[in-house]
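Here the structure is laid out as C-alpha cells; the discussion comes afterwards.
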Amino acid sequence: MSVVDYTQELSVVEGKPPLRSIDELISRPLNTKPTKAYYIALTVTLSMLGIGVIGLLLSFYYGTGMWGNNNPVGWGFPIVNFVFWVGIGHAGTLISAILFLLRQKWRNGIARFAEGMTIFAVMTAGIFPAIHVGRPWLAGYLFPYPNQHSLWPNFNSPLLWDVFAVSTYFIVSFVFWYVGLIPDFAVLRDRATTKIKKTIYSVTSLGWRNSNRHWQHYEMVYLVLAGFATPLVLSVHTIVSFDFAVAVLPGWHSTIFPPYFVAGAVFSGFAMVQNVLIIIRKIFKYEHIITIDTLEKMNKIMMLTGMLVGYAYAMEFFIAWYSGNPIEQFTFVNRAFGPYAWAYWIMVSCNVLMPQLFWFRKIRRTIPVMFVIAVFVNVGMWFERFVITVTSLANDFLPSSWAYYKPTLVDGAILLGSFGFFFTWVLLFSKTLPVVSIAEIKSVIDGSQPSHGEH
Amino acid sequence: MDNKTLYSYTALFRTPDEIIHAAEAVQEKGYVKYDVNTPYPVHGMDKAMKLKPSRLPFVSMFFGFSGTFFSLFMMYWMASIDYPVIVGGKPFFSFPAYVPIMFELTVLSAAVMTVIVMLAVFFKLPNLRHPFHDTDYMKAVSSDQYGISIEAEDEKFNEEEIKALFEELGAHKIEPIYFDDEEYTFKQTVFEPKFISLLVIVGLLVSGTTYFSLNKLMNMIPFNWMRFQSKVITQEESTFFSDGFGMRMPVKGTVAREHIPYLYADKPEEAAVNLVNPLPVTKANLELGHTKFNIFCSPCHGYFGEGDSRLRGQFPNPPSLHSEKVRNWKDGRIYHVLMEGQNSMPSYASQLNYNERWAVILYIRVLQRSLNAKETDL
C-alpha cells in the first residue's frame with residue numbers, strides 16, 4: 001500500500017507504552033528532587049519577578065508618573081502587556097476546549113499544560129489593568145457590590161465588560177483545569193508513598209474512585225464545559241478588542257477588530273505553548289507523548305492564524321483607502337511610515353513573514369528552527385499590541401496634542417517582571433502537578449479501547 | 001476478619017475487551033448495585049452497563065439561563081432603578097451594551113454550577129471514607145487494570161455465585177472489600193484541642209489582619225488615600241513662605257467682585273455731604289427697605305424705629321429714630337452709620353448690600369414722616 005490510508009487514524013502516542021509506565025513517567029517529576037538546572041531556572045525567573053516587583057513598588061510609591069505614559073498616550077505599556085498576556089492564554093482554551101469538540105486526539109498530550117499556561121497567563125494579564133489604575137488595592141470597585149457610595153459600575157463601558165470577561169475566563173479555565181486534574185490526583189493518591197503526599201492528594205482528588213457511573217457524567221460535563229469554554233474564549237478577546245473598537249479613535253474604530261484579535265491571540269498563544277512544550281518534552285522525556293506530529297500540527301495552526309493576522313493587516317489598509325476617510329488613511333500611512341515605522345515593520349516581519357517558513361515540511365518538523373520562529377512570533381505579537389495601542393493614541397485627530405511615547409526603565413522592569421511571574425508559575429506547575437493528563441493519555445494509547453466497540 | 005462488614009466483591013481484568021464483556025454479563029444476570037472501575041473512560045461501557053444518558057446538561061441549562069436572567073435583571077435594576085445615571089446620552093436600559101456581561105455570567109454560572117452539582121450531588125464527593133480507598137483493588141484500577149464490583153447490598157448478592165461468575169469471566173484476581181470499621185465508627189468531637197487551637201489561631205489572624213489593615217495600613221503611603229500631599233493646605237503651616245503661613249494675603253489694591261469700596265471710613269461729615277441716595281422712591285424699593293428693616297433693624301430699633309427693642313434689656317436700647325437729630329441727618333450720614341456702626345451698634349455692611357442699605361434708608365424716611373408729617377401731607 002503506497003497510498004496513505006486516511007480512514008485509519010494515526011496513533012497520537014508513539015509505541016504502545018504500558019499504562020503503568022505512563023503513571024510512572026508523568027509522576028516522576030513530582031517524586032524526584034529538582035535538579036540543579038531547575039534551581040537555576042527558578043532563580044532566573046524569580047530574579048525577573050523581583051525586578052518587576054521593584055518596578056511596581058516604585059510605581060505605587062511615587063505614582064504612575066514613573067511610567068512613559070504621557071498625555072495623548074495614556075494607555076502605554078500596561079495595556080499593551082495586558083492584551084499580550086490575555087492573548088497568550090487563548091491557546092490553552094483553544095487546545096483544551098475547541099480541539100476537544102473537534103475530536104482532535106493529539107490535543108490530549110498538550111491540553112493540561114496549555115490549560116495551565118492559560119491560567120498563569122490570565123493571572124499575569126490581570127496585573128496590568130489593576131496597576132494601570134494606579135491604586136490596584138481599590139480594584140474591588142470594579143465589581144457591582146453594594147458599596148458605601150451606593151454607586152454601581154457603568155455597564156455600558158467595554159472596560160467593565162473586560163472585568164467580567166477576564167474574571168469569568170479565569171474562573172472557568174480554572175474549573176475546567178481542576179475537573180481534568182481530579183482523576184490524575186486519584187492516580188497520584190494511589191501511588192503516594194508518604195503520608196503528607198497521600199493526605200494532599202486524597203483531599204485534592206476528593207475521593208475519586210474511577211467509577212464508570214462517575215466517568216459517564218464526568219465525560220458529559222467535560223463536553224459541556226468545552227462547549228461553554230469555546231464561545232467564552234472567543235468572547236474574551238472580542239471584548240478586549242472592544243476596549244479599542246468602541247472608541248472613536250482612527251485605527252481603533254473598526255469592525256475587523258474582534259476576529260483579528262482572536263486570531264492574533266491564538267497565534268501568539270500557540271507560539272508560547274510550543275516554546276514551553278519543546279523544553280518540557282525534552283527535559284521530562286515525553287517525546288513519545290508530545291510527539292513531533294503534535295508539534296507539526298501546532299505549527300500548522302500558527303501558520304494559519306499568522307496568515308489570518310496578515311490578512312487583517314492588509315484589510316485595515318484597504319479599508320482605510322476604500323472608506324475615503326482621510327484621518328483613517330493618515331493613521332495607517334503613519335503606522336507604516338511614521339515615527340513608529342520601526343515597530344510596525346518588526347510586527348509585519350515577525351508575524352506575517354516568519355510563519356511562512358512553515359510551508360516547508362522540513363522546517364515544521366525541525367525543533368530548533370520552529371522554536372526560533374515561535375519566539376519571533378511572540379515578539380511580533382507583542383509589537384502588534386504596541387503598534388495598535390500607541391500609534392493611534394500618539395497621533396490622533398489634533399496634531400497640536402501629538403506626542404511621542406517613550407517607555408521608561410520602570411515600564412521595562414514591569415514587563416520583565418511579568419515574564420518572571422509567568423515562568424515562575426510554569427516552573428512550579430511542572431514540578432508539582434502532572435503536566436500531562438494521565439487519564440486522557442491512557443485513553444488514546446493503542447489498544448486501550450475495546451476492539452469490538454463502535455469506535 | 002470475619003466480624004467485618006462486607007461491602008462488595010471485586011474482580012480485576014487486564015484488557016478493556018474483558019471488562020466490557022464482564023459488565024455485559026453482570027448486567028445480564030440482573031445485578032443492579034454494581035460498578036465498573038477503570039483508569040479512564042472505556043468506550044462502550046455505558047452501553048454495556050445500560051446507563052441512562054447523563055442528565056447534567058439540564059443542570060447546565062438551568063443554571064445557564066439563571067445566569068442570563070439574573071445578570072439582565074441586575075443591570076436593569078442597578079442602572080435604571082436604583083441609581084440611574086445617563087451615560088453618553090444612552091437610555092438607562094441599554095440592552096445591547098448588556099449582552100456581553102449577560103453572556104459572561106451565563107457561562108460562569110453554568111460552568112461552575114454544573115461542576116459543583118456533578119461533584120456534590122451526582123457523585124456525593126468529597127468522600128474519603130469509601131471502602132474502596134486504600135485497597136489494592138483501587139490501586140490497580142487507577143493505574144492499568146479494569147475492575148468490576150458487586151455490592152453486598154444487591155438483592156441477588158450471593159458470594160459463591162458471584163465468585164463463580166467472576167472466575168468464569170476470566171478475572172485474574174477476585175477479592176472481597178470490607179468496610180473499615182474504625183473509619184465508620186469514628187466520631188469527630190468539637191472540643192478537640194487541635195480544633196479549638198485552630199479556631200483560636202484563625203481568630204487571632206483574622207482580627208490581627210483586620211486591625212492592622214484598618215488602623216495602620218490605611219495611614220501608610222501609598223494606601224493613605226493621598227491624605228498627605230506636597231501641596232499648600234489652607235490654615236496649615238507652610239515652610240515654603242517666609243512668614244510660615246499657608247494662606248496668602250491678597251495683593252494690595254485687590255478688589256473682590258461686586259465689592260464697592262467705602263471711601264468715607266471715619267469721615268461721617270464727608271459721607272453726609274457726598275453720598276446721595278441713588279434709589280428712586282418706588283413701591284418696590286420701599287418694600288425692599290421694609291423687609292430688610294424688619295429683619296435687621298427692628299430687633300433693636302422696633303418695628304417703627306421708636307427704640308422699643310424686643311430684646312428685653314439684653315442689649316442697650318438705641319435712641320429713637322424720630323429724634324430731631326436723625327430727622328435732620330442727610331441720607332449719606334445714615335448710610336455711614338449702617339456702614340460703620342455707632343456707639344454700641346455694629347456695622348451692618350456685611351448683612352445688607354449696597355441697594356438694600358439705601359432701600360432701608362428710604363424706609364426710615366417713611367417711618368419718620370409717618371410720625372412727623374408735614375402739614376402738606378395731610
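The way I read the labels, and the way they are meant: chains A, B, ... in the order of the C-alpha cells, residue 1 as the first residue of every chain, and ligand 1 as the first ligand shown, with later ones counted on from there.
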So that I can check the surroundings of Thr305 in chain A, please list as a ChimeraX atom specification every protein, DNA and RNA residue that reaches within 10 Å of it, counting only C-alpha atoms and ignoring chain neighbours fewer than 5 positions away. /A:260,262-268,270,299-300,310-311,351-352,355
When you look at range 94-106 of chain A with a cut-off of 6 Å (counting only C-alpha atoms), what residues show up, excluding the ones that are within fewer than 4 positions of it in the same chain? I need them as a PDB file with N, CA and C atoms, in the first residue's frame.
ATOM      1  N   VAL A  12      -1.676   8.826  18.353  1.00  0.00           N
ATOM      2  CA  VAL A  12      -1.086  10.075  18.824  1.00  0.00           C
ATOM      3  C   VAL A  12       0.007   9.813  19.853  1.00  0.00           C
ATOM      4  N   ALA A 111      -2.923  19.277  26.320  1.00  0.00           N
ATOM      5  CA  ALA A 111      -4.016  20.108  26.836  1.00  0.00           C
ATOM      6  C   ALA A 111      -3.746  20.593  28.261  1.00  0.00           C
ATOM      7  N   ALA A 226     -16.461  22.138  27.702  1.00  0.00           N
ATOM      8  CA  ALA A 226     -15.780  22.501  26.455  1.00  0.00           C
ATOM      9  C   ALA A 226     -16.710  23.337  25.591  1.00  0.00           C
ATOM     10  N   THR A 230     -15.645  27.227  24.658  1.00  0.00           N
ATOM     11  CA  THR A 230     -15.356  27.624  23.280  1.00  0.00           C
ATOM     12  C   THR A 230     -15.879  29.027  22.957  1.00  0.00           C
TER      13      THR A 230
END
Using only C-alpha atoms, which residues sit within 12 Å of Thr38 in chain B once same-chain residues fewer than 4 positions away are excluded, as an NGL selection string? (:A and (19 or 183 or 186-187 or 208-216 or 439 or 442-443 or 448-449)) or (:B and (11-16 or 18-20 or 23 or 42-43 or 45 or 137-149))
Please check the contacts: residues of chain B at most 7 Å away from chain A, using only C-alpha atoms, listed as a ChimeraX atom specification. /B:16-17,35-44,46,54,56-57,78,83,97-98,100-101,104,107-108,111-112,123,125-128,139,142-144,221-222
Dump N, CA and C atoms for the selected residues as a JSON list (two decimals), in the first residue's frame?
[["chain", "number", "residue", "atom", "x", "y", "z"],
["B", 16, "PRO", "N", -9.44, -4.08, 28.16],
["B", 16, "PRO", "CA", -10.75, -3.42, 28.05],
["B", 16, "PRO", "C", -11.83, -4.33, 27.46],
["B", 17, "ASP", "N", -11.42, -5.23, 26.56],
["B", 17, "ASP", "CA", -12.41, -6.14, 25.99],
["B", 17, "ASP", "C", -13.04, -7.01, 27.07],
["B", 35, "ASP", "N", -20.63, -1.81, 39.97],
["B", 35, "ASP", "CA", -19.94, -0.68, 39.35],
["B", 35, "ASP", "C", -18.69, -1.19, 38.67],
["B", 36, "VAL", "N", -18.29, -0.45, 37.65],
["B", 36, "VAL", "CA", -17.07, -0.78, 36.93],
["B", 36, "VAL", "C", -16.08, 0.33, 37.22],
["B", 37, "ASN", "N", -14.85, -0.05, 37.53],
["B", 37, "ASN", "CA", -13.83, 0.96, 37.80],
["B", 37, "ASN", "C", -12.70, 0.81, 36.79],
["B", 38, "THR", "N", -12.47, 1.90, 36.05],
["B", 38, "THR", "CA", -11.45, 1.85, 35.00],
["B", 38, "THR", "C", -10.55, 3.08, 35.12],
["B", 39, "PRO", "N", -9.30, 2.96, 34.70],
["B", 39, "PRO", "CA", -8.38, 4.10, 34.85],
["B", 39, "PRO", "C", -8.75, 5.28, 33.96],
["B", 40, "TYR", "N", -9.58, 5.06, 32.98],
["B", 40, "TYR", "CA", -10.02, 6.12, 32.08],
["B", 40, "TYR", "C", -11.36, 5.66, 31.54],
["B", 41, "PRO", "N", -12.17, 6.56, 31.00],
["B", 41, "PRO", "CA", -13.47, 6.13, 30.49],
["B", 41, "PRO", "C", -13.30, 5.18, 29.30],
["B", 42, "VAL", "N", -13.84, 3.98, 29.43],
["B", 42, "VAL", "CA", -13.72, 2.99, 28.36],
["B", 42, "VAL", "C", -14.92, 3.13, 27.44],
["B", 43, "HIS", "N", -14.65, 3.28, 26.16],
["B", 43, "HIS", "CA", -15.75, 3.45, 25.20],
["B", 43, "HIS", "C", -16.66, 2.23, 25.19],
["B", 44, "GLY", "N", -17.95, 2.46, 25.12],
["B", 44, "GLY", "CA", -18.90, 1.36, 25.04],
["B", 44, "GLY", "C", -19.34, 0.84, 26.40],
["B", 46, "ASP", "N", -20.80, 2.50, 28.86],
["B", 46, "ASP", "CA", -22.13, 2.98, 29.25],
["B", 46, "ASP", "C", -23.22, 2.11, 28.65],
["B", 54, "SER", "N", -26.62, 10.94, 30.78],
["B", 54, "SER", "CA", -26.46, 11.85, 31.91],
["B", 54, "SER", "C", -27.45, 13.00, 31.83],
["B", 56, "LEU", "N", -26.95, 15.77, 33.40],
["B", 56, "LEU", "CA", -26.26, 17.00, 33.79],
["B", 56, "LEU", "C", -26.45, 18.17, 32.80],
["B", 57, "PRO", "N", -26.60, 17.91, 31.50],
["B", 57, "PRO", "CA", -26.84, 19.06, 30.61],
["B", 57, "PRO", "C", -28.05, 19.89, 31.01],
["B", 78, "MET", "N", -29.87, 48.02, 38.63],
["B", 78, "MET", "CA", -28.82, 48.94, 39.07],
["B", 78, "MET", "C", -28.80, 50.22, 38.24],
["B", 83, "TYR", "N", -29.97, 53.54, 40.82],
["B", 83, "TYR", "CA", -29.17, 54.75, 40.68],
["B", 83, "TYR", "C", -29.02, 55.07, 39.20],
["B", 97, "ALA", "N", -25.67, 46.94, 25.18],
["B", 97, "ALA", "CA", -24.45, 47.01, 25.98],
["B", 97, "ALA", "C", -24.44, 45.96, 27.07],
["B", 98, "TYR", "N", -25.60, 45.40, 27.39],
["B", 98, "TYR", "CA", -25.64, 44.40, 28.47],
["B", 98, "TYR", "C", -25.33, 43.00, 27.97],
["B", 100, "PRO", "N", -22.76, 41.51, 26.39],
["B", 100, "PRO", "CA", -21.51, 40.84, 26.77],
["B", 100, "PRO", "C", -21.52, 40.32, 28.20],
["B", 101, "ILE", "N", -21.99, 41.15, 29.13],
["B", 101, "ILE", "CA", -21.97, 40.71, 30.53],
["B", 101, "ILE", "C", -22.98, 39.59, 30.75],
["B", 104, "GLU", "N", -21.26, 36.49, 29.65],
["B", 104, "GLU", "CA", -20.20, 36.03, 30.56],
["B", 104, "GLU", "C", -20.80, 35.38, 31.80],
["B", 107, "VAL", "N", -22.17, 31.87, 31.13],
["B", 107, "VAL", "CA", -21.12, 30.86, 31.08],
["B", 107, "VAL", "C", -20.59, 30.58, 32.49],
["B", 108, "LEU", "N", -20.37, 31.65, 33.24],
["B", 108, "LEU", "CA", -19.81, 31.47, 34.58],
["B", 108, "LEU", "C", -20.73, 30.62, 35.44],
["B", 111, "ALA", "N", -21.05, 26.91, 34.04],
["B", 111, "ALA", "CA", -19.85, 26.08, 34.18],
["B", 111, "ALA", "C", -19.59, 25.74, 35.64],
["B", 112, "VAL", "N", -19.62, 26.75, 36.49],
["B", 112, "VAL", "CA", -19.27, 26.49, 37.89],
["B", 112, "VAL", "C", -20.33, 25.62, 38.56],
["B", 123, "PHE", "N", -22.08, 12.83, 42.44],
["B", 123, "PHE", "CA", -21.02, 11.91, 42.90],
["B", 123, "PHE", "C", -20.97, 11.80, 44.41],
["B", 125, "LEU", "N", -19.28, 13.62, 46.33],
["B", 125, "LEU", "CA", -17.89, 13.84, 46.72],
["B", 125, "LEU", "C", -17.85, 15.16, 47.47],
["B", 126, "PRO", "N", -16.87, 15.46, 48.28],
["B", 126, "PRO", "CA", -15.77, 14.58, 48.63],
["B", 126, "PRO", "C", -16.21, 13.46, 49.57],
["B", 127, "ASN", "N", -15.67, 12.29, 49.32],
["B", 127, "ASN", "CA", -15.96, 11.14, 50.18],
["B", 127, "ASN", "C", -14.66, 10.36, 50.32],
["B", 128, "LEU", "N", -14.01, 10.58, 51.42],
["B", 128, "LEU", "CA", -12.73, 9.90, 51.63],
["B", 128, "LEU", "C", -12.90, 8.64, 52.48],
["B", 139, "LYS", "N", -5.95, 0.65, 43.83],
["B", 139, "LYS", "CA", -4.63, 0.98, 43.26],
["B", 139, "LYS", "C", -4.48, 0.38, 41.88],
["B", 142, "SER", "N", -6.86, 2.36, 39.30],
["B", 142, "SER", "CA", -6.46, 3.72, 38.96],
["B", 142, "SER", "C", -5.21, 3.71, 38.11],
["B", 143, "SER", "N", -4.60, 2.55, 37.95],
["B", 143, "SER", "CA", -3.38, 2.53, 37.16],
["B", 143, "SER", "C", -3.58, 1.84, 35.80],
["B", 144, "ASP", "N", -3.66, 0.51, 35.79],
["B", 144, "ASP", "CA", -3.66, -0.14, 34.48],
["B", 144, "ASP", "C", -4.60, -1.33, 34.40],
["B", 221, "ILE", "N", 1.84, 55.29, 53.30],
["B", 221, "ILE", "CA", 1.96, 55.54, 51.87],
["B", 221, "ILE", "C", 2.18, 54.19, 51.21],
["B", 222, "PRO", "N", 1.54, 53.83, 50.11],
["B", 222, "PRO", "CA", 0.62, 54.64, 49.31],
["B", 222, "PRO", "C", -0.85, 54.34, 49.60]]
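What separates CA of Leu353 in chain A from CA of Gly306 in chain A is a distance of 8.7 Å.
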Output as a count of residues only all residues of range 76-290 of chain B that backbone DSSP marks as helix (DSSP H, G or I). 99
Please identify all polymer residues within 12 Å of Val410 in chain A, counting only C-alpha atoms, omitting same-chain residues fewer than 2 positions from it, and present them as number ranges by chain. A: 51-60, 62-69, 77-78, 406-408, 412-417
Among range 116-273 of chain B, which ones does DSSP place in strand (DSSP E or B), written as a list of chain:residue names? B:Tyr146, B:Gly147, B:Ile148, B:Ser149, B:Ile150, B:Glu151, B:Lys173, B:Ile174, B:Glu175, B:Pro176, B:Ile177, B:Tyr178, B:Glu237, B:Phe245
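CA of Val337 in chain B lies 10.4 Å from CA of Ala272 in chain B.
Here CA of Pro258 in chain A stands at a distance of 17.3 Å from CA of Ser392 in chain A.
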